[in-house]
Each structure stands twice: as structure tokens, then as C-alpha cells.
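Visitor: Below is the structure I would like to discuss, written out as C-alpha cells.
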Amino acid sequence: MCDKQVSAATFVFFVILCDVSLAAIERTNDNQKSTYIVHVTKSEMPTILNHHSIWYSSLLKSVSNSAEMLYTYDNAIHGFSTRLTPEEARSLKSQIGILKVLPEKIYKPLTTRTPQFLGLDKITHMFPESNTTSDIIIGLLDTGVWPESKSFDDVELGPIPRSWKGKCESGQNFSVANCNKKLIGARFFLKGFEASVVPLNATTQFRSPRDSDGHGTHTASTAAGSAVKGANLFGYASGIARGMVPHARVAIYKVCWEDNCVASDILAAMDAAISDNVNVISASLGGQAIDYDEENLAIGAFAAMEKGIVVACAAGNDGPTNSTLQNVAPWMITVGAGTIDRDFPVYVKLGNGQNYSGVSINDGSSFVPRTFVPLVYAGNASVKVGAELCLTDSLDPEKVKGKIVFCDRGNISRVEKGLVVKSAGGVGMVLANGEIDGEELVADAHLLPTAAVGFEASKAIKMYLQQTQNPTATLVFEGTKVGIKPSPIVSAYSARGPNPITPEILKPDFIAPGTNILAAFTKFAGPTNLDQDHRRVDFNIITGTSMACPHASGIAALIKSVYPNWSPAAIRSALVTTSYASYKNGKKILDSATNAPSTPFAVGAGHVNPIAALNPGLVYDLTADDYLNFLCALNYTSDRIEAVARRKFRCDAQKHYSVTSLNYPSFGVVFKPVVRSSIATVIHERTLTKVGVAGTYKASVTLDIPSVNITVEPNVLSFNKNEKKSYKVTFTTPNPPKRRQFGFGRLEWSNGKIIVGSPISIMWE
């Protein structure tokens, strides 16, 4: 994919758990009308009216005789969506009972050995009651589903849970019969897309829940796919493919069409998912972080959270640049991406005897072992500008035919470069990382033999090309290797902190497997999603925080099945405080962008650990009102809070609110300039709840910045079962600092057996 894309079969996907870029939609036709999402104060409805939909219609008719409602919303928000001119939108905004009139937004999708890597194969023996996962329903907002995939087989499942209130919708090439006891619901939402983007092209997209892209099928099977023996992609990654919770039920909400996931459709899907009684919402899509009361995805997630539904979102694929996180609302789980211990090695053997390792998914059958062919730099085989990047029609067939072509990454997708080389007569490709790409390698199902190599190898091969009169090379494919160390490593594309909206809320929460993930796929498209790719597969290997999100969603569903009365905050806390930030040798998890130890801005609390999360010892719990107090601390007005909460809530003018009092399972410390003081102080307050047997826990702190002092009071807490205990953490530092910098650390509570860990980030304004 392009350098800001990480999936050969998807778009830049930010998977509810949340990687998607955000853009306002502008359309110049239709009398300059655009789509708006209208948030209302439901309590302002005139008593003479007997239903809110009648009131919405009257409000709309007061500003336009021609406008029609696309959707009315009952659960995710109170309000409706419609198409208006800018003047009509301004007029509507002035009406009594209107909280906000927000313009439509477009989100993007953020593009299986992982159960063993995560230790999930041990859970049945440890927690027999986890079989109750068959009562858990995961709702996925994505590109739909390929229902014939064996990953949605229902042979081992009993009756559909009585709690389910949803339905299976018919449409193009999809009928009610496509649903079963695994795939219990499938719905599609495209009114917003067709109103704001273009009418659906029914030759490339299905007007139904059926998936033409593959992204949604992949994420759904990752979260809760049934076990399938012999799963593989062209012989790679062969084994048993299964979701995180293979007995959980799946409900599909198709909201993404032709790389666009429109906010009005997303809200309609969330509205339905809440009404349908799902337990977890997984959203591998996202948009640029904006204020919580302007972000419809965050608002819908708040409504879901109030109903006890866990919402997990992809962190985004715009790493390793700082402050690129998406889906950062504190009531969401924000999931970054890392590698697993599996790789698909290929070696570039040069004519001078040097070997350089890379990755690829191609059996290399067209290469005779140890047979060398000419190697050419694409920039020296050009017919137009852009040849070094192997752009479309940029290569001279006379200079490329029968050769391996060395292409720099950038501008177009990785797999498309291979198509360009193949079309020009090349027999293979070396795909070269640039400095920004570092050493991170993504395995794609290329259309010709390819080796993707890191930046250091790229420099060495390029030097060989420059210094050798007749350079040659061959590619040696090694298939699938497991047990790769170190692993996991934070993926370079995974979006980074600090949190661009509220840096005191440390995001991402944690990382999960997201790179080179095998899962089910559509049969409508080839594994590269290129029109010229006529191959069809049952499973595909895809990369992105979109893939990490359903891992987290599935594990959250597992915890929900064992502890059905836990709140979404308690489940998130269990996932965060039991994540590991270091390898077994004590060294910190590496960051592939720097090849140095990762920081909480990249890894959050660390890598998710489902086994430990089932026995967290202590949790940081939160209620909806706690989040509203947090909004008070951000100086939100009553109307802004109501836009998020869908109800009246007034901040107490006599009460002191602080963002550092939100009972979050991590610590984002922000020192601000202090007048007339040589010391800056920040205090965080927290409350822990005992969820296991009684015990005593002692606090310990590590920090990599000596200029900051940390005090935990009290530093020993003794609990009875279900008891709550509070403590505060005081951070002090000289004011102002000698130089602006970041600092990172960790606070741990331990009873000698269980460690309850929280990452710490420190920054100065």
C-alpha cells in the first residue's frame, strides 16, 4: 500500500476497537447541499407531540421544504441526519432544542498464529467457565462479511442468545439464510454514503452486508472466527485459524463503502448495535482526533458505554510521527499494533556474495535456486518521472525485461509497484524501505516474486548497484518461520502519542497483534485488492491497527464472558494493568521505528496479555458521571456535555474538577508553567477496587527522568474482597525545566504474585 497504508488488501484503516483519516465532505452539486448530523435536546420536545420523530420533522420543515431525513437516531445520539444548504444549517442551529449541527465526516478503514502467541490456547484449561463466551455478541463496524467463509461455521454452537434483539437483512447477493448461529446478525447502512459521496456502484460493491473488500471479513474472523484447520495464504502461515473467542457470536454492521465510512452511517449502525444488545463494539476505522463533543464516533461510543458495551477502536496508522493518535476518548479502548513471532523471510542474494534478508508472500517458483539474473535500479530504467518509485507506466520495458527491479517505496501501494514491474517485463522486485520506514517489513501477497527489505539493506543494495558494472541477484524464499525473537515489536505505522486532545489521558491504551495477520477474506477480490489480481483466497494476511483492534475486542469479550457484571472501564483496566512492557529478559519492548526501547507514547501500557487480564487483582473503575466530571474539568458548557451524554448535566460551580482525578489506569503528567514558584507540582488521584481475594499491595515506581520526584500516598493498601481504596500520586519538578523533554516510567502495585501496572508519561507545556 502507500507509505501511509499498511494493508495490501485494505485501505488506511483505522477496526469498533478504532485507524481512519478524517475529512470533511464537500459537494458542489445538489444546490450546494451537504449532509449534517443534528443533535437535539430531547427534553425540549413540545408536549403536544407524541413522538420525537414528529418533532424532528417539524424542525426540519421550519428551515427547508425539500430536505428529507436520512436517519433518525434514538440510542447513539438524540437527533437526525439530513442534507441542507449552509444557510439552512445555520438557521436550524438557531432553533430551540438544537444542540449541534455538525457537518458530515468521512472515516477510513485502518488496515493465525495469534491465539497461540497470546496464550489463548491455555484458557480453556484455566477458566472452564469461559465457555460462556457463546453468550457474548461482538458487533463489528466495517466493510461487511463473506458469510460462506468457514470462519463463520456454527456447527459447535447452541441456540442464539436470548439477549439478541437484532436481525439479518437481505440485499444484493445476501439473504437471511446467510446468517446462522455464529453470524447472528448482518445489516448495512449507506444512505449517508450515497447522499454525500456518490451513488453506489453495484458492480464493484454489494448493496447488502456482503463484503467486496475483505477488511470486514478479516476483522470479524480475527475477533470471533470459528476454528478452521489448514488455513493459509498460498501455503504461508499454515495452521489452525481461529478468533480470540471462537464461540462468541458475530453481528455485522456494514458502514464502509469504497474506502469511505460516513459518520451518519456509522451513527446509524451504532444506534442499531446498542438496540440489538451487542456486548462489544469493534471499530477498525477512525478519523483525525477532534474535541469529544464534535466527534460523532466518540459520542456514539459514550452511549454504548452507558449501556455496558465495550467499545474498542484502532489507534490509527499514521505512526511513527508524534500526536497522530485517533479515537482518543477516555471511554474508548484505543489499540496500537505490534508484531508476532512469525515471519515470512526471503533473501536477496547479490552477485558479490552478499545476502540481505527481507519478507514476502510468494513461493518464488519462477526462480531457479542459485540462478542469478540482472538487477536494475528503477530510476535507471525510466521513461518518465517517478521511475525510481515504480509509478505506473514509468519503466522502460527494454531496460526491465527479464530483470529484478529495485524500487523505492512511496506514492503508490507496495503491491501496485509489483504490478508495474511485472507489466514492464520484470521477473522480480526488491522493494526498498526509505529512512522513514526504517526496518519494519510488511509481508504482501505480491503478484511477482518480491523481497521487501529494510532501510539498511536498501542502502547496501543501492551501493552495490552504483558500484557494479553488471549487477545481478536472485531471490531465495524461506516460507514461514515461527519463534522469531524479539517479539512483539511496536509497529512503526502504529499511531503515537501524546494524546492530541487531552495529554493527561495516556493513549494508546496498549498494543495487540497487527502486523502480518492471517484471517478470513472475501472471495470477491484478490488478496492485493488490485483489479488486475484475479487470484481468490479463503484467507489473507493483512497489516494495520485495524487488525490489532479486533484482537483487543475479542479479548474484551472473553473477559466479559467470565465477569459479566464488570463495567467497560473495569474490563479496559484489566487489559491495561496486566499488559507487559518488557520481554522476559527484562528489556523493554522495541520500537521498529527507532530500533530502540519503546515508550508509552507508542506501546501504551505494553502488549496485551489475555491470560493475566483474566486475573487482574485490582481494577480502576469508572461510571458515566465520572466521565462527565472529566468534561467539567475541561470546562465544557452544559450544552457541550449534553451533546456527549444525551442528557442534562450541570457542573457544580462550587466543586473543583480536575482531569487528573479521572480514575484512568495510566498517568499522563503535564507540567504547566507556574508563576512565582521554583517547583511545579501535579497531583493525580486514583481509586482501586479489589476484584479477587483479600490482600495487601505495595506500590513501586520507576522513572527515566531524574529531575522529577514521585510520591505515592499511601504506598501500601490492604483490601477485603470488592473493597475500594484511594491513593494519590504527587509529581514535582524544578520550574521551569532546564530543557523541554519527555519522561516515562511505571507505577506498579503488587501483592507478591499479581502486578497491577500503569504507564507514566511526563511532559512540559
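Numbering starts fresh at 1 for the residues of each chain in the C-alpha cells, the chains themselves are lettered A, B, ... in the order given, and ligands are numbered from 1 as they appear.
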Which residues are close to Arg572 in chain A, i.e. within 10 Å by only C-alpha atoms, leaving aside same-chain residues fewer than 5 positions away? Reply as an mmCIF file with N, CA and C atoms, in the first residue's frame.

Guide:
data_model
loop_
_atom_site.group_PDB
_atom_site.id
_atom_site.type_symbol
_atom_site.label_atom_id
_atom_site.label_comp_id
_atom_site.auth_asym_id
_atom_site.auth_seq_id
_atom_site.Cartn_x
_atom_site.Cartn_y
_atom_site.Cartn_z
ATOM 1 N N VAL A 310 -18.612 -2.538 25.677
ATOM 2 C CA VAL A 310 -17.204 -2.181 25.498
ATOM 3 C C VAL A 310 -17.000 -1.730 24.052
ATOM 4 N N VAL A 311 -16.343 -0.592 23.886
ATOM 5 C CA VAL A 311 -16.056 -0.077 22.547
ATOM 6 C C VAL A 311 -14.538 -0.024 22.358
ATOM 7 N N ALA A 312 -14.059 -0.745 21.372
ATOM 8 C CA ALA A 312 -12.627 -0.770 21.070
ATOM 9 C C ALA A 312 -12.396 -0.208 19.679
ATOM 10 N N TRP A 331 -13.447 6.972 27.207
ATOM 11 C CA TRP A 331 -14.398 5.871 27.378
ATOM 12 C C TRP A 331 -14.261 4.827 26.264
ATOM 13 N N MET A 332 -13.320 5.024 25.359
ATOM 14 C CA MET A 332 -12.990 4.029 24.335
ATOM 15 C C MET A 332 -11.709 3.296 24.722
ATOM 16 N N ILE A 333 -11.546 2.084 24.214
ATOM 17 C CA ILE A 333 -10.244 1.408 24.238
ATOM 18 C C ILE A 333 -9.532 1.744 22.937
ATOM 19 N N THR A 334 -8.310 2.252 23.042
ATOM 20 C CA THR A 334 -7.527 2.668 21.878
ATOM 21 C C THR A 334 -6.362 1.699 21.709
ATOM 22 N N ASP A 509 -3.915 2.763 24.712
ATOM 23 C CA ASP A 509 -4.024 2.032 25.965
ATOM 24 C C ASP A 509 -3.026 0.879 26.001
ATOM 25 N N PHE A 510 -2.870 0.181 24.897
ATOM 26 C CA PHE A 510 -1.922 -0.924 24.790
ATOM 27 C C PHE A 510 -1.807 -1.292 23.319
ATOM 28 N N ALA A 552 -8.102 -7.036 20.398
ATOM 29 C CA ALA A 552 -8.491 -6.463 21.687
ATOM 30 C C ALA A 552 -9.983 -6.630 21.946
ATOM 31 N N ALA A 556 -11.545 -8.556 25.085
ATOM 32 C CA ALA A 556 -12.515 -7.880 25.956
ATOM 33 C C ALA A 556 -13.783 -8.718 26.083
ATOM 34 N N ILE A 559 -13.154 -11.513 28.574
ATOM 35 C CA ILE A 559 -13.250 -11.047 29.959
ATOM 36 C C ILE A 559 -14.713 -10.823 30.349
ATOM 37 N N TRP A 566 -18.865 -6.814 35.057
ATOM 38 C CA TRP A 566 -17.842 -5.765 35.022
ATOM 39 C C TRP A 566 -18.232 -4.668 34.042
ATOM 40 N N SER A 567 -17.891 -3.443 34.398
ATOM 41 C CA SER A 567 -18.145 -2.300 33.527
ATOM 42 C C SER A 567 -17.120 -2.270 32.402
ATOM 43 N N THR A 577 -3.645 -2.845 32.899
ATOM 44 C CA THR A 577 -2.735 -3.047 34.033
ATOM 45 C C THR A 577 -2.009 -4.387 33.992
ATOM 46 N N ALA A 613 -4.992 -10.807 32.149
ATOM 47 C CA ALA A 613 -6.150 -9.913 32.246
ATOM 48 C C ALA A 613 -7.354 -10.593 32.883
ATOM 49 N N VAL A 619 -8.733 -3.269 39.905
ATOM 50 C CA VAL A 619 -9.127 -2.526 38.706
ATOM 51 C C VAL A 619 -9.417 -1.070 39.050
ATOM 52 N N TYR A 620 -9.231 -0.224 38.046
ATOM 53 C CA TYR A 620 -9.625 1.183 38.117
ATOM 54 C C TYR A 620 -10.982 1.303 37.427
ATOM 55 N N ASP A 621 -12.038 1.499 38.203
ATOM 56 C CA ASP A 621 -13.379 1.524 37.632
ATOM 57 C C ASP A 621 -13.854 2.959 37.415
ATOM 58 N N TYR A 664 -8.319 6.808 35.605
ATOM 59 C CA TYR A 664 -7.793 6.114 34.435
ATOM 60 C C TYR A 664 -6.636 5.221 34.859
ATOM 61 N N PRO A 665 -6.435 4.074 34.192
ATOM 62 C CA PRO A 665 -5.400 3.131 34.623
ATOM 63 C C PRO A 665 -3.990 3.482 34.161
#

Visitor: I'd like the contact shell of Leu703 in chain A - 10 Å cut-off, only C-alpha atoms, skipping same-chain residues fewer than 6 positions apart - returned as a list of chain:residue names.

Guide: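 The residues that qualify are A:Asn709, A:Ile710, A:Gly743, A:Phe744, A:Gly745, A:Arg746, A:Leu747, A:Pro759, A:Ile760, A:Ser761, A:Ile762.
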
Visitor: Using N, CA, C and O atoms, can you export the residues from the last selection as a PDB file, in the first residue's frame?

Guide:
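Once everything was written out, this is result_32.pdb:
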ATOM      1  N   ASN A 709      10.361  14.063  40.825  1.00  0.00           N
ATOM      2  CA  ASN A 709      10.195  13.255  42.028  1.00  0.00           C
ATOM      3  C   ASN A 709       8.747  12.783  42.129  1.00  0.00           C
ATOM      4  O   ASN A 709       7.813  13.544  41.842  1.00  0.00           O
ATOM      5  N   ILE A 710       8.566  11.524  42.514  1.00  0.00           N
ATOM      6  CA  ILE A 710       7.226  10.945  42.616  1.00  0.00           C
ATOM      7  C   ILE A 710       7.008  10.410  44.025  1.00  0.00           C
ATOM      8  O   ILE A 710       7.845   9.680  44.564  1.00  0.00           O
ATOM      9  N   GLY A 743       9.444  12.357  29.650  1.00  0.00           N
ATOM     10  CA  GLY A 743       9.911  11.352  30.579  1.00  0.00           C
ATOM     11  C   GLY A 743       8.895  10.226  30.655  1.00  0.00           C
ATOM     12  O   GLY A 743       7.694  10.443  30.414  1.00  0.00           O
ATOM     13  N   PHE A 744       9.365   9.030  30.979  1.00  0.00           N
ATOM     14  CA  PHE A 744       8.470   7.879  31.017  1.00  0.00           C
ATOM     15  C   PHE A 744       8.809   7.001  32.211  1.00  0.00           C
ATOM     16  O   PHE A 744       9.958   6.915  32.645  1.00  0.00           O
ATOM     17  N   GLY A 745       7.794   6.347  32.718  1.00  0.00           N
ATOM     18  CA  GLY A 745       8.002   5.469  33.856  1.00  0.00           C
ATOM     19  C   GLY A 745       6.837   4.527  34.044  1.00  0.00           C
ATOM     20  O   GLY A 745       5.995   4.344  33.150  1.00  0.00           O
ATOM     21  N   ARG A 746       6.764   3.971  35.240  1.00  0.00           N
ATOM     22  CA  ARG A 746       5.742   2.970  35.517  1.00  0.00           C
ATOM     23  C   ARG A 746       5.471   2.916  37.016  1.00  0.00           C
ATOM     24  O   ARG A 746       6.409   2.947  37.827  1.00  0.00           O
ATOM     25  N   LEU A 747       4.205   2.846  37.372  1.00  0.00           N
ATOM     26  CA  LEU A 747       3.774   2.645  38.745  1.00  0.00           C
ATOM     27  C   LEU A 747       3.168   1.255  38.849  1.00  0.00           C
ATOM     28  O   LEU A 747       2.281   0.907  38.063  1.00  0.00           O
ATOM     29  N   PRO A 759       1.406   2.711  33.078  1.00  0.00           N
ATOM     30  CA  PRO A 759       2.468   3.516  32.467  1.00  0.00           C
ATOM     31  C   PRO A 759       2.348   4.978  32.878  1.00  0.00           C
ATOM     32  O   PRO A 759       1.258   5.466  33.212  1.00  0.00           O
ATOM     33  N   ILE A 760       3.466   5.669  32.836  1.00  0.00           N
ATOM     34  CA  ILE A 760       3.520   7.096  33.159  1.00  0.00           C
ATOM     35  C   ILE A 760       4.211   7.821  32.016  1.00  0.00           C
ATOM     36  O   ILE A 760       5.281   7.401  31.551  1.00  0.00           O
ATOM     37  N   SER A 761       3.597   8.905  31.553  1.00  0.00           N
ATOM     38  CA  SER A 761       4.274   9.804  30.615  1.00  0.00           C
ATOM     39  C   SER A 761       4.360  11.174  31.266  1.00  0.00           C
ATOM     40  O   SER A 761       3.440  11.598  31.971  1.00  0.00           O
ATOM     41  N   ILE A 762       5.470  11.852  31.050  1.00  0.00           N
ATOM     42  CA  ILE A 762       5.685  13.180  31.631  1.00  0.00           C
ATOM     43  C   ILE A 762       6.100  14.131  30.526  1.00  0.00           C
ATOM     44  O   ILE A 762       6.974  13.819  29.710  1.00  0.00           O
TER      45      ILE A 762
END

Visitor: Which neighbours of range 459-468 of chain A fall inside 10 Å, counting only C-alpha atoms, when residues of the same chain fewer than 4 positions from it are skipped, and could you give them as a tab-separated table (two decimals) with all heavy atoms, in the first residue's frame?

Guide:
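File written: result_14.tsv
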chain	number	residue	atom	x	y	z
A	348	VAL	N	17.72	-11.65	-0.46
A	348	VAL	CA	18.26	-11.09	-1.69
A	348	VAL	C	19.74	-11.46	-1.74
A	348	VAL	O	20.54	-10.99	-0.92
A	348	VAL	CB	18.10	-9.56	-1.74
A	348	VAL	CG1	18.63	-9.02	-3.07
A	348	VAL	CG2	16.66	-9.16	-1.52
A	349	LYS	N	20.09	-12.34	-2.66
A	349	LYS	CA	21.50	-12.75	-2.83
A	349	LYS	C	22.07	-11.96	-3.99
A	349	LYS	O	21.57	-12.03	-5.12
A	349	LYS	CB	21.60	-14.25	-3.09
A	349	LYS	CG	21.06	-15.12	-1.96
A	349	LYS	CD	21.39	-16.59	-2.17
A	349	LYS	CE	22.87	-16.83	-2.00
A	349	LYS	NZ	23.20	-18.28	-1.95
A	350	LEU	N	23.11	-11.20	-3.71
A	350	LEU	CA	23.73	-10.37	-4.74
A	350	LEU	C	24.89	-11.11	-5.42
A	350	LEU	O	25.45	-12.07	-4.86
A	350	LEU	CB	24.25	-9.07	-4.12
A	350	LEU	CG	23.21	-8.19	-3.41
A	350	LEU	CD1	23.88	-6.93	-2.87
A	350	LEU	CD2	22.07	-7.84	-4.35
A	351	GLY	N	25.23	-10.64	-6.58
A	351	GLY	CA	26.31	-11.25	-7.33
A	351	GLY	C	27.65	-11.19	-6.65
A	351	GLY	O	28.57	-11.94	-6.99
A	352	ASN	N	27.82	-10.29	-5.67
A	352	ASN	CA	29.09	-10.17	-4.94
A	352	ASN	C	29.15	-11.10	-3.74
A	352	ASN	O	30.09	-11.03	-2.93
A	352	ASN	CB	29.34	-8.73	-4.51
A	352	ASN	CG	28.28	-8.22	-3.53
A	352	ASN	OD1	27.36	-8.95	-3.14
A	352	ASN	ND2	28.41	-6.96	-3.13
A	354	GLN	N	26.99	-11.17	-1.19
A	354	GLN	CA	26.31	-10.65	0.00
A	354	GLN	C	24.83	-11.07	-0.01
A	354	GLN	O	24.19	-11.11	-1.07
A	354	GLN	CB	26.41	-9.13	0.05
A	354	GLN	CG	27.84	-8.62	0.22
A	354	GLN	CD	28.46	-9.07	1.53
A	354	GLN	OE1	27.89	-8.89	2.59
A	354	GLN	NE2	29.64	-9.68	1.44
A	355	ASN	N	24.28	-11.34	1.20
A	355	ASN	CA	22.87	-11.69	1.37
A	355	ASN	C	22.18	-10.65	2.25
A	355	ASN	O	22.76	-10.22	3.26
A	355	ASN	CB	22.72	-13.07	2.04
A	355	ASN	CG	23.23	-14.20	1.17
A	355	ASN	OD1	23.35	-14.04	-0.04
A	355	ASN	ND2	23.52	-15.33	1.78
A	356	TYR	N	20.96	-10.31	1.90
A	356	TYR	CA	20.18	-9.37	2.70
A	356	TYR	C	18.77	-9.94	2.90
A	356	TYR	O	18.14	-10.40	1.94
A	356	TYR	CB	20.12	-8.00	2.03
A	356	TYR	CG	21.49	-7.37	1.91
A	356	TYR	CD1	22.23	-7.52	0.73
A	356	TYR	CD2	22.06	-6.70	2.97
A	356	TYR	CE1	23.51	-6.99	0.62
A	356	TYR	CE2	23.33	-6.15	2.87
A	356	TYR	CZ	24.05	-6.30	1.70
A	356	TYR	OH	25.32	-5.77	1.61
A	375	LEU	N	20.10	-7.26	-12.18
A	375	LEU	CA	19.43	-6.40	-11.21
A	375	LEU	C	19.56	-4.97	-11.67
A	375	LEU	O	20.66	-4.52	-12.01
A	375	LEU	CB	20.08	-6.58	-9.83
A	375	LEU	CG	19.59	-5.67	-8.69
A	375	LEU	CD1	18.15	-6.00	-8.31
A	375	LEU	CD2	20.50	-5.82	-7.46
A	376	VAL	N	18.44	-4.23	-11.71
A	376	VAL	CA	18.47	-2.86	-12.20
A	376	VAL	C	17.75	-1.94	-11.23
A	376	VAL	O	16.73	-2.31	-10.64
A	376	VAL	CB	17.84	-2.76	-13.61
A	376	VAL	CG1	16.37	-3.17	-13.59
A	376	VAL	CG2	17.98	-1.35	-14.18
A	377	TYR	N	18.31	-0.75	-11.04
A	377	TYR	CA	17.64	0.27	-10.24
A	377	TYR	C	16.57	0.92	-11.10
A	377	TYR	O	16.83	1.34	-12.23
A	377	TYR	CB	18.63	1.31	-9.75
A	377	TYR	CG	18.00	2.45	-8.97
A	377	TYR	CD1	17.12	2.20	-7.91
A	377	TYR	CD2	18.28	3.78	-9.29
A	377	TYR	CE1	16.54	3.23	-7.20
A	377	TYR	CE2	17.71	4.82	-8.57
A	377	TYR	CZ	16.84	4.54	-7.53
A	377	TYR	OH	16.26	5.57	-6.83
A	406	PHE	N	14.82	-2.88	-8.64
A	406	PHE	CA	14.93	-2.30	-7.30
A	406	PHE	C	14.07	-1.04	-7.26
A	406	PHE	O	14.36	-0.06	-7.96
A	406	PHE	CB	16.39	-1.97	-7.00
A	406	PHE	CG	16.66	-1.39	-5.64
A	406	PHE	CD1	17.11	-2.20	-4.60
A	406	PHE	CD2	16.47	-0.05	-5.39
A	406	PHE	CE1	17.37	-1.66	-3.35
A	406	PHE	CE2	16.73	0.50	-4.15
A	406	PHE	CZ	17.18	-0.31	-3.11
A	430	VAL	N	12.80	-5.91	-5.77
A	430	VAL	CA	13.28	-5.61	-4.43
A	430	VAL	C	12.63	-4.30	-4.03
A	430	VAL	O	12.82	-3.27	-4.68
A	430	VAL	CB	14.82	-5.48	-4.39
A	430	VAL	CG1	15.27	-5.06	-2.99
A	430	VAL	CG2	15.47	-6.80	-4.79
A	432	ALA	N	12.29	-1.34	-1.53
A	432	ALA	CA	13.25	-0.75	-0.60
A	432	ALA	C	12.60	0.23	0.36
A	432	ALA	O	11.98	1.21	-0.07
A	432	ALA	CB	14.35	-0.05	-1.40
A	433	ASN	N	12.77	-0.02	1.65
A	433	ASN	CA	12.33	0.95	2.65
A	433	ASN	C	13.18	2.20	2.58
A	433	ASN	O	14.40	2.14	2.37
A	433	ASN	CB	12.46	0.36	4.06
A	433	ASN	CG	11.26	-0.47	4.47
A	433	ASN	OD1	10.39	-0.74	3.66
A	433	ASN	ND2	11.22	-0.86	5.73
A	434	GLY	N	12.53	3.35	2.79
A	434	GLY	CA	13.25	4.59	2.96
A	434	GLY	C	13.58	4.81	4.42
A	434	GLY	O	13.23	4.00	5.29
A	435	GLU	N	14.23	5.91	4.73
A	435	GLU	CA	14.64	6.18	6.11
A	435	GLU	C	13.43	6.27	7.04
A	435	GLU	O	13.47	5.79	8.17
A	435	GLU	CB	15.45	7.47	6.17
A	435	GLU	CG	16.02	7.76	7.55
A	435	GLU	CD	16.98	8.93	7.54
A	435	GLU	OE1	17.09	9.61	6.49
A	435	GLU	OE2	17.63	9.17	8.57
A	453	VAL	N	12.72	-5.10	1.77
A	453	VAL	CA	13.90	-5.04	2.63
A	453	VAL	C	13.92	-3.73	3.41
A	453	VAL	O	13.36	-2.72	2.99
A	453	VAL	CB	15.21	-5.19	1.82
A	453	VAL	CG1	15.26	-6.55	1.15
A	453	VAL	CG2	15.36	-4.07	0.79
A	454	GLY	N	14.58	-3.75	4.58
A	454	GLY	CA	14.68	-2.58	5.44
A	454	GLY	C	15.62	-1.52	4.90
A	454	GLY	O	16.32	-1.71	3.89
A	455	PHE	N	15.68	-0.41	5.61
A	455	PHE	CA	16.44	0.75	5.15
A	455	PHE	C	17.94	0.45	5.04
A	455	PHE	O	18.59	0.83	4.06
A	455	PHE	CB	16.21	1.93	6.09
A	455	PHE	CG	16.96	3.18	5.73
A	455	PHE	CD1	16.81	3.75	4.47
A	455	PHE	CD2	17.81	3.78	6.64
A	455	PHE	CE1	17.50	4.91	4.11
A	455	PHE	CE2	18.50	4.94	6.31
A	455	PHE	CZ	18.35	5.50	5.05
A	472	THR	N	23.93	-8.36	-10.51
A	472	THR	CA	22.99	-9.48	-10.60
A	472	THR	C	22.49	-9.82	-9.20
A	472	THR	O	23.08	-9.45	-8.19
A	472	THR	CB	23.66	-10.72	-11.22
A	472	THR	OG1	24.75	-11.12	-10.40
A	472	THR	CG2	24.12	-10.46	-12.63
A	473	ALA	N	21.40	-10.58	-9.19
A	473	ALA	CA	20.82	-11.00	-7.90
A	473	ALA	C	19.88	-12.17	-8.14
A	473	ALA	O	19.48	-12.46	-9.28
A	473	ALA	CB	20.09	-9.85	-7.24

Visitor: Write out as an MDAnalysis selection string the residues lying within 10 Å of Glu398 in chain A, counting only C-alpha atoms and excluding same-chain residues fewer than 3 positions away.

Guide: chainID A and resid 381 395 401:402 424:426

Visitor: Mind the document's chain letters and residue numbers, and return as a PyMOL selection string the residues of range 372-572 of chain A that DSSP labels helix (DSSP H, G or I).

Guide: chain A and resi 378-380+387-389+397-400+414-423+455-467+545-562+568-572

Visitor: Just give me the gap between CA of His551 in chain A and CA of Thr689 in chain A in Å, one decimal is fine.

Guide: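 CA of His551 in chain A sits 25.9 Å away from CA of Thr689 in chain A.
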
Visitor: Which of these, A:Leu688, A:Ala337, A:Ala574, A:Val155, has the shortest distance to Asp318 in chain A once you count only C-alpha atoms?

Guide: A:Ala337

Visitor: CA of Val603 in chain A and CA of Val708 in chain A are how many Å apart?

Guide: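 One can read the CA of Val603 in chain A to CA of Val708 in chain A distance as 21.8 Å.
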
Visitor: Mind checking which residues fall within 9 Å of Ala445 in chain A, counting only C-alpha atoms, ignoring those fewer than 3 positions away in the same chain, and posting them as a list of chain:residue names?

Guide: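 Surrounding residues, per the criterion: A:Ala8, A:Leu233, A:Phe234, A:Ser360, A:Ile361, A:Asn362, A:Val415, A:Leu448, A:Pro527, A:Thr528, A:Asn540, A:Ile541.
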
Visitor: Keeping only C-alpha atoms, write those residues as a CSV table (one decimal), in the first residue's frame.

Guide:
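Saved result, again_38.csv, follows:
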chain,number,residue,atom,x,y,z
A,8,ALA,CA,-2.3,-5.0,0.9
A,233,LEU,CA,-2.3,-18.0,2.2
A,234,PHE,CA,-0.5,-19.7,-0.7
A,360,SER,CA,7.4,-11.5,1.1
A,361,ILE,CA,4.4,-13.8,0.4
A,362,ASN,CA,5.3,-15.5,-2.9
A,415,VAL,CA,1.7,-4.3,-4.3
A,448,LEU,CA,5.5,-11.4,-8.8
A,527,PRO,CA,-5.5,-10.6,-1.9
A,528,THR,CA,-3.9,-7.4,-3.1
A,540,ASN,CA,-5.4,-13.3,3.6
A,541,ILE,CA,-2.5,-11.8,5.5

Visitor: I need the strand (DSSP E or B) residues of range 345-531 of chain A per DSSP on the backbone, written as number ranges by chain.

Guide: A: 345-350, 355-359, 373-377, 382, 395, 404-408, 410, 412, 428-432, 450-453, 472-477, 481-482, 490, 510-513, 517-520

Visitor: Could you name the residues that touch Leu140 in chain A at 7 Å or less, counting only C-alpha atoms, but leaving out those on the same chain fewer than 4 positions away, as a PyMOL selection string?

Guide: chain A and resi 16+220+251-253+281-283

Visitor: Write out as a PyMOL selection string which residues come within 12 Å of Tyr583 in chain A when counting only C-alpha atoms, dropping same-chain ones fewer than 6 positions away.

Guide: chain A and resi 485-489+589-590+597-598+606-607

Visitor: Out of A:Asp153, A:Glu713, A:Glu294, A:Glu44, which residue has the shortest atom-to-atom distance to Ser226 in chain A when counting only C-alpha atoms?

Guide: A:Asp153

Visitor: Rank nothing, just name the residue among A:Ile517, A:Ala177, A:Leu99, A:Val40 nearest to Arg640 in chain A, using only C-alpha atoms.

Guide: A:Leu99

Visitor: In Å to one decimal, how far is CA of Pro103 in chain A from CA of Arg187 in chain A?

Guide: 24.4 Å
